[in-house]
Each structure stands twice: as structure tokens, then as C-alpha cells.
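**Q** Below is the file start-v8.cif, which contains mmCIF, C-alpha atoms.
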```cif
data_entry
#
loop_
_atom_site.label_atom_id
_atom_site.label_comp_id
_atom_site.auth_asym_id
_atom_site.auth_seq_id
_atom_site.Cartn_x
_atom_site.Cartn_y
_atom_site.Cartn_z
CA GLY A 1 -77.26 -143.29 -69.13
CA GLU A 2 -78.36 -144.96 -65.95
CA ASP A 3 -78.80 -148.67 -65.54
CA VAL A 4 -79.09 -150.61 -62.29
CA GLU A 5 -78.82 -154.39 -62.04
CA GLN A 6 -79.55 -156.83 -59.22
CA SER A 7 -79.76 -160.57 -58.79
CA LEU A 8 -83.34 -161.80 -58.59
CA PHE A 9 -83.40 -164.08 -55.57
CA LEU A 10 -81.59 -164.77 -52.30
CA SER A 11 -82.42 -167.34 -49.65
CA VAL A 12 -80.88 -167.24 -46.17
CA ARG A 13 -81.51 -168.92 -42.84
CA GLU A 14 -82.85 -166.96 -39.91
CA GLY A 15 -80.01 -165.55 -37.84
CA ASP A 16 -77.52 -165.53 -40.72
CA SER A 17 -76.35 -162.40 -42.54
CA SER A 18 -77.85 -161.49 -45.92
CA VAL A 19 -75.90 -159.68 -48.60
CA ILE A 20 -77.83 -158.18 -51.49
CA ASN A 21 -75.79 -156.87 -54.40
CA CYS A 22 -76.36 -154.18 -57.00
CA THR A 23 -74.35 -152.69 -59.86
CA TYR A 24 -74.92 -149.31 -61.46
CA THR A 25 -73.52 -147.59 -64.53
CA ASP A 26 -73.80 -143.84 -63.91
CA SER A 27 -70.37 -142.46 -63.04
CA SER A 28 -71.49 -138.94 -62.13
CA SER A 29 -72.22 -137.84 -58.58
CA THR A 30 -75.19 -139.76 -57.41
CA TYR A 31 -77.12 -140.98 -54.42
CA LEU A 32 -77.68 -144.72 -54.08
CA TYR A 33 -80.68 -146.01 -52.18
CA TRP A 34 -82.05 -149.24 -50.77
CA TYR A 35 -85.82 -149.66 -50.57
CA LYS A 36 -87.80 -152.58 -49.13
CA GLN A 37 -91.15 -153.72 -50.49
CA GLU A 38 -93.27 -156.19 -48.55
CA PRO A 39 -96.14 -158.04 -50.29
CA GLY A 40 -98.99 -155.69 -51.17
CA ALA A 41 -97.19 -152.70 -49.69
CA GLY A 42 -95.38 -149.60 -50.86
CA LEU A 43 -91.66 -148.92 -50.92
CA GLN A 44 -89.99 -148.28 -47.59
CA LEU A 45 -86.74 -146.32 -47.64
CA LEU A 46 -84.13 -148.28 -45.68
CA THR A 47 -80.96 -146.31 -46.17
CA TYR A 48 -78.92 -144.39 -48.71
CA ILE A 49 -75.32 -143.47 -49.44
CA PHE A 50 -73.68 -140.72 -51.44
CA SER A 51 -71.32 -141.85 -54.17
CA ASN A 52 -68.24 -140.32 -52.47
CA MET A 53 -68.69 -142.54 -49.39
CA ASP A 54 -67.40 -146.09 -48.90
CA MET A 55 -69.64 -147.36 -46.14
CA LYS A 56 -72.66 -146.51 -44.05
CA GLN A 57 -73.98 -148.43 -41.07
CA ASP A 58 -77.43 -148.14 -39.53
CA GLN A 59 -78.27 -150.70 -36.82
CA ARG A 60 -78.49 -154.10 -38.58
CA LEU A 61 -77.91 -152.59 -42.02
CA THR A 62 -74.50 -151.97 -43.60
CA VAL A 63 -74.11 -150.45 -47.05
CA LEU A 64 -70.79 -150.89 -48.86
CA LEU A 65 -69.89 -148.98 -52.01
CA ASN A 66 -67.09 -149.93 -54.39
CA LYS A 67 -66.85 -146.88 -56.62
CA LYS A 68 -64.27 -148.38 -58.96
CA ASP A 69 -66.50 -151.34 -59.81
CA LYS A 70 -69.74 -149.37 -59.36
CA HIS A 71 -70.91 -152.08 -56.98
CA LEU A 72 -73.23 -151.52 -54.05
CA SER A 73 -74.19 -154.04 -51.40
CA LEU A 74 -76.64 -154.16 -48.53
CA ARG A 75 -75.78 -156.41 -45.61
CA ILE A 76 -78.50 -157.32 -43.14
CA ALA A 77 -77.11 -158.76 -39.93
CA ASP A 78 -79.05 -161.38 -37.92
CA THR A 79 -81.69 -161.75 -40.64
CA GLN A 80 -85.21 -162.29 -39.34
CA THR A 81 -88.36 -163.67 -40.99
CA GLY A 82 -89.72 -160.14 -40.99
CA ASP A 83 -86.92 -159.20 -43.39
CA SER A 84 -88.50 -161.35 -46.11
CA ALA A 85 -89.35 -158.90 -48.88
CA ILE A 86 -88.15 -157.52 -52.19
CA TYR A 87 -85.19 -155.17 -51.91
CA PHE A 88 -84.65 -152.52 -54.56
CA CYS A 89 -81.46 -150.67 -55.28
CA ALA A 90 -81.96 -147.25 -56.89
CA GLU A 91 -79.85 -144.31 -57.95
CA SER A 92 -80.52 -140.66 -58.58
CA LYS A 93 -78.32 -137.84 -59.84
CA VAL A 94 -77.31 -135.03 -57.53
CA GLY A 95 -78.21 -131.42 -58.20
CA GLY A 96 -81.08 -129.33 -59.46
CA THR A 97 -84.73 -129.93 -58.79
CA ALA A 98 -85.08 -132.94 -61.10
CA SER A 99 -84.11 -136.16 -59.31
CA LYS A 100 -85.83 -139.23 -60.66
CA LEU A 101 -84.96 -142.64 -59.23
CA THR A 102 -83.72 -145.41 -61.52
CA PHE A 103 -84.50 -148.77 -59.94
CA GLY A 104 -83.00 -152.20 -60.29
CA THR A 105 -85.19 -155.23 -60.87
CA GLY A 106 -85.36 -156.01 -57.15
CA THR A 107 -83.98 -158.96 -55.16
CA ARG A 108 -86.47 -161.21 -53.45
CA LEU A 109 -85.09 -162.21 -50.03
CA GLN A 110 -86.50 -165.39 -48.56
CA VAL A 111 -85.69 -166.11 -44.91
CA THR A 112 -86.06 -169.72 -43.85
CA LEU A 113 -86.26 -171.16 -40.33
CA ASP B 114 -96.22 -144.67 -42.45
CA SER B 115 -94.32 -142.48 -44.90
CA GLY B 116 -96.74 -139.56 -44.66
CA VAL B 117 -97.58 -139.81 -48.38
CA THR B 118 -101.20 -140.74 -49.08
CA GLN B 119 -102.70 -142.12 -52.25
CA THR B 120 -106.30 -142.74 -53.24
CA PRO B 121 -107.92 -144.94 -54.23
CA LYS B 122 -106.14 -148.06 -53.01
CA HIS B 123 -107.68 -150.22 -55.73
CA LEU B 124 -109.28 -149.33 -59.04
CA ILE B 125 -110.94 -151.71 -61.47
CA THR B 126 -112.08 -150.37 -64.82
CA ALA B 127 -112.60 -151.34 -68.43
CA THR B 128 -110.52 -150.77 -71.54
CA GLY B 129 -111.04 -147.38 -73.12
CA GLN B 130 -111.96 -145.69 -69.83
CA ARG B 131 -110.30 -142.80 -68.03
CA VAL B 132 -109.21 -142.74 -64.37
CA THR B 133 -107.63 -140.26 -61.98
CA LEU B 134 -105.21 -141.22 -59.25
CA ARG B 135 -104.60 -138.83 -56.40
CA CYS B 136 -101.56 -138.22 -54.22
CA SER B 137 -100.97 -136.01 -51.19
CA PRO B 138 -97.28 -135.46 -50.39
CA ARG B 139 -95.66 -135.30 -46.97
CA SER B 140 -96.12 -131.99 -45.22
CA GLY B 141 -93.55 -129.53 -46.51
CA ASP B 142 -92.44 -131.57 -49.54
CA LEU B 143 -92.58 -129.60 -52.78
CA SER B 144 -91.61 -132.41 -55.16
CA VAL B 145 -94.00 -135.15 -56.24
CA TYR B 146 -93.03 -138.10 -58.40
CA TRP B 147 -95.10 -140.78 -60.12
CA TYR B 148 -93.85 -144.31 -60.77
CA GLN B 149 -95.39 -147.35 -62.42
CA GLN B 150 -94.64 -150.88 -61.22
CA SER B 151 -95.55 -153.74 -63.54
CA LEU B 152 -94.36 -157.33 -63.85
CA ASP B 153 -92.77 -156.85 -67.27
CA GLN B 154 -91.35 -153.33 -66.90
CA GLY B 155 -90.45 -153.24 -63.22
CA LEU B 156 -90.44 -149.87 -61.44
CA GLN B 157 -90.36 -147.02 -63.92
CA PHE B 158 -90.33 -143.28 -63.38
CA LEU B 159 -93.18 -141.48 -65.09
CA ILE B 160 -93.05 -137.79 -64.19
CA GLN B 161 -91.95 -135.29 -61.53
CA TYR B 162 -93.50 -132.02 -60.41
CA TYR B 163 -91.85 -129.41 -58.25
CA ASN B 164 -93.98 -126.69 -56.68
CA GLY B 165 -96.59 -126.95 -59.39
CA GLU B 166 -94.28 -127.17 -62.39
CA GLU B 167 -93.23 -130.19 -64.39
CA ARG B 168 -89.53 -130.90 -63.74
CA ALA B 169 -88.72 -134.24 -65.34
CA LYS B 170 -90.42 -136.70 -67.62
CA GLY B 171 -89.73 -140.40 -67.97
CA ASN B 172 -91.43 -143.16 -69.91
CA ILE B 173 -94.87 -141.63 -69.66
CA LEU B 174 -97.32 -142.40 -72.43
CA GLU B 175 -99.11 -139.60 -74.26
CA ARG B 176 -102.40 -141.02 -72.94
CA PHE B 177 -101.19 -140.21 -69.42
CA SER B 178 -100.94 -136.77 -67.90
CA ALA B 179 -100.35 -135.31 -64.46
CA GLN B 180 -100.55 -132.05 -62.60
CA GLN B 181 -99.67 -130.61 -59.22
CA PHE B 182 -102.10 -128.20 -57.63
CA PRO B 183 -101.40 -125.09 -55.48
CA ASP B 184 -101.97 -127.14 -52.30
CA LEU B 185 -99.22 -129.46 -53.65
CA HIS B 186 -101.37 -132.55 -54.08
CA SER B 187 -100.99 -134.24 -57.45
CA GLU B 188 -103.20 -136.17 -59.81
CA LEU B 189 -102.23 -138.69 -62.48
CA ASN B 190 -104.76 -139.02 -65.28
CA LEU B 191 -104.78 -142.18 -67.37
CA SER B 192 -107.02 -142.24 -70.45
CA SER B 193 -107.96 -144.67 -73.24
CA LEU B 194 -106.90 -147.41 -70.89
CA GLU B 195 -105.48 -150.65 -72.26
CA LEU B 196 -104.99 -154.04 -70.62
CA GLY B 197 -101.26 -153.35 -70.43
CA ASP B 198 -101.84 -150.31 -68.20
CA SER B 199 -102.75 -152.63 -65.33
CA ALA B 200 -100.07 -151.98 -62.72
CA LEU B 201 -99.28 -150.49 -59.33
CA TYR B 202 -98.91 -146.72 -59.50
CA PHE B 203 -96.82 -145.12 -56.80
CA CYS B 204 -96.49 -141.54 -55.79
CA ALA B 205 -93.44 -140.30 -53.89
CA SER B 206 -92.54 -136.95 -52.41
CA SER B 207 -89.36 -135.26 -51.26
CA GLU B 208 -87.83 -132.02 -50.14
CA LEU B 209 -85.62 -130.40 -52.76
CA GLY B 210 -82.94 -132.89 -53.81
CA SER B 211 -83.59 -135.23 -50.88
CA GLU B 212 -84.62 -138.84 -50.49
CA GLN B 213 -88.03 -139.84 -51.79
CA PHE B 214 -90.76 -141.27 -49.59
CA PHE B 215 -93.36 -143.47 -51.23
CA GLY B 216 -97.08 -143.78 -50.75
CA PRO B 217 -98.85 -147.16 -50.47
CA GLY B 218 -99.74 -147.18 -54.18
CA THR B 219 -102.88 -147.53 -56.25
CA ARG B 220 -103.45 -150.90 -57.88
CA LEU B 221 -105.10 -150.41 -61.27
CA THR B 222 -106.76 -153.34 -62.98
CA VAL B 223 -108.00 -152.85 -66.54
CA LEU B 224 -110.44 -155.53 -67.71
#
```
As C-alpha cells, how would this structure be written, given the file I've shared?

**A**
Amino acid sequence: GEDVEQSLFLSVREGDSSVINCTYTDSSSTYLYWYKQEPGAGLQLLTYIFSNMDMKQDQRLTVLLNKKDKHLSLRIADTQTGDSAIYFCAESKVGGTASKLTFGTGTRLQVTL
Amino acid sequence: DSGVTQTPKHLITATGQRVTLRCSPRSGDLSVYWYQQSLDQGLQFLIQYYNGEERAKGNILERFSAQQFPDLHSELNLSSLELGDSALYFCASSELGSEQFFGPGTRLTVL
């Protein structure tokens, strides 16, 4: 079955890098996603990676995947106050027309001046 | 703006009542998903429709039902509401097998 775990809280100083971690249990082919949720808002898709990839970079965001340990991380370079939000890791199976997302608990990122 | 719209934004009702939440997917997306976000359960998948047909079911209560109409919009019906049903309800849409884009959510408060 699928299970996704994240740490609950991370505090970083503005300008530093943030690293948010996630572990998942499903060993089949899967997509892994990072979503951002700001207070009172919906979920914004940030990036995603397929389980046969090791890394994906998109501007300030870098996703690293360790398939052996089933560990996913999201690195935000030059973290800004506008990055303060809850970050959710999620996975979904590949194939067919059914593709529900299984979410982690979310990591609250606090950016301090 | 994800292109997914949900109405209403807020809904306040009493226990025992019935409500309908509405979702319009992004143009061209055939799949619609419903999720519930609550403090104790986190984000949980409820149900998925693809081109009008139910495709996957998650932890959806029997008091809840959904449908997807020929114009691809979807409605989530919640009946015999209980205090514990208070939550944010999100709709998402996607192309076949692709990433899901979320609407702004409907905040349901049951008093």
C-alpha cells in the first residue's frame, strides 16, 4: 500500500537553502509530486519527478530522489519570505485512468528575516 | 490560477443538512478528483471520475456521493452532515494520467 511521510516543521533564514524531506513506501512505478499550500489557498503544483529519475531542477527548485531508500527531497535555493507555506509530498501510481494522489502530512516552512 | 473553479468558496450549515459542492475542471481535462482536507485526517482522496464514469474510490463515506456531468463539471453531495464533516474540500482535474491541478477549495463548516 501507499504511505507518505514528512517532517512537520522547518525554519530557515531568508537567503538560505531549504530542504524538505519525504519518504514513501510504494515500490511500483510512480510519480512523485511537490505541492505548495499558502494560508487559505488551494494546492499549487510546484514540480514532479518520475520514479526512474534521480534529479530534476526547475529554477530555484531541485528535486532529488533516492530510489533505494524511497526518499524524496525538495531543495529551495535562496529561500524568500514568500516561500513560507505548507509543502506536501504526494505520490500516484502510473498507468490506467485511475490515479489518485496519496499525500504526506505536509511540512510547514517558516522563513525568518 | 490553476484553471479549476469551485463554488461556493464558503459554506456554513447545520448538522443533518445536505449540501452540494460544484467543480469545473480545466478546459480539456476529462478527469476530476475530490479530496478532503481536515486537521485530524490531513489530505485524503475521496473519489475520481473520468469522462463521466467513476474510476476510483477512496475513503468516501456512504453519506457522500459525486457525479460528473456530460459537460465534465462535477458535483460532490454531502448529506446527513455531522460536525466532523467540517473541512476543506478540494477538486482537482487532469488530462489522462497527468499531473493534477487543484481548485481553490470549498470550506465547509457544520454547526

**Q** Might you spell out which residues the PyMOL selection byres ((chain A) within 12 of (chain B)) would select in the displayed file, as a VMD selection string?

**A** chain A and resid 3 to 5 30 to 50 88 to 107

**Q** Between CA of Arg139 (chain B) and CA of Ile86 (chain A), what is the distance, to one decimal in Å?

**A**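 Calculated distance between CA of Arg139 (chain B) and CA of Ile86 (chain A) is 24.0 Å.
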
**Q** Separation of CA of Val19 (chain A) and CA of Ser51 (chain A), in Å?

**A** 19.2 Å

**Q** Determine, counting all atoms listed in the file, every residue of protein, DNA or RNA that lies within 12 Å of (-70.1, -145.5, -54.3) in the file coordinates, then give the result as number ranges by chain.

**A** A: 22-33, 48-56, 63-73, 91

**Q** Written as JSON, numbers by chain, which residues does the PyMOL selection byres ((chain A and resi 18) around 10) give for the file shown?

**A** {"A": [10, 11, 12, 13, 14, 15, 16, 17, 19, 20, 21, 61, 73, 74, 75, 76, 77, 78, 79, 80, 83, 109, 110, 111]}

**Q** Any idea what the distance is between CA of Val132 (chain B) and CA of Glu166 (chain B)?

**A** 21.7 Å

**Q** Residues picked by the PyMOL selection byres ((chain B and resi 134) around 6) here, as a ChimeraX atom specification?

**A** /B:133,135,188-189

**Q** Just the residues within 8 Å of Phe177 (chain B), please, counting only C-alpha atoms, with nothing from its chain fewer than 5 positions along; format it as a list in words.

**A**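 Once the adjacent positions are removed, what remains is Leu189, Asn190, Leu191 and Ser192 of chain B.
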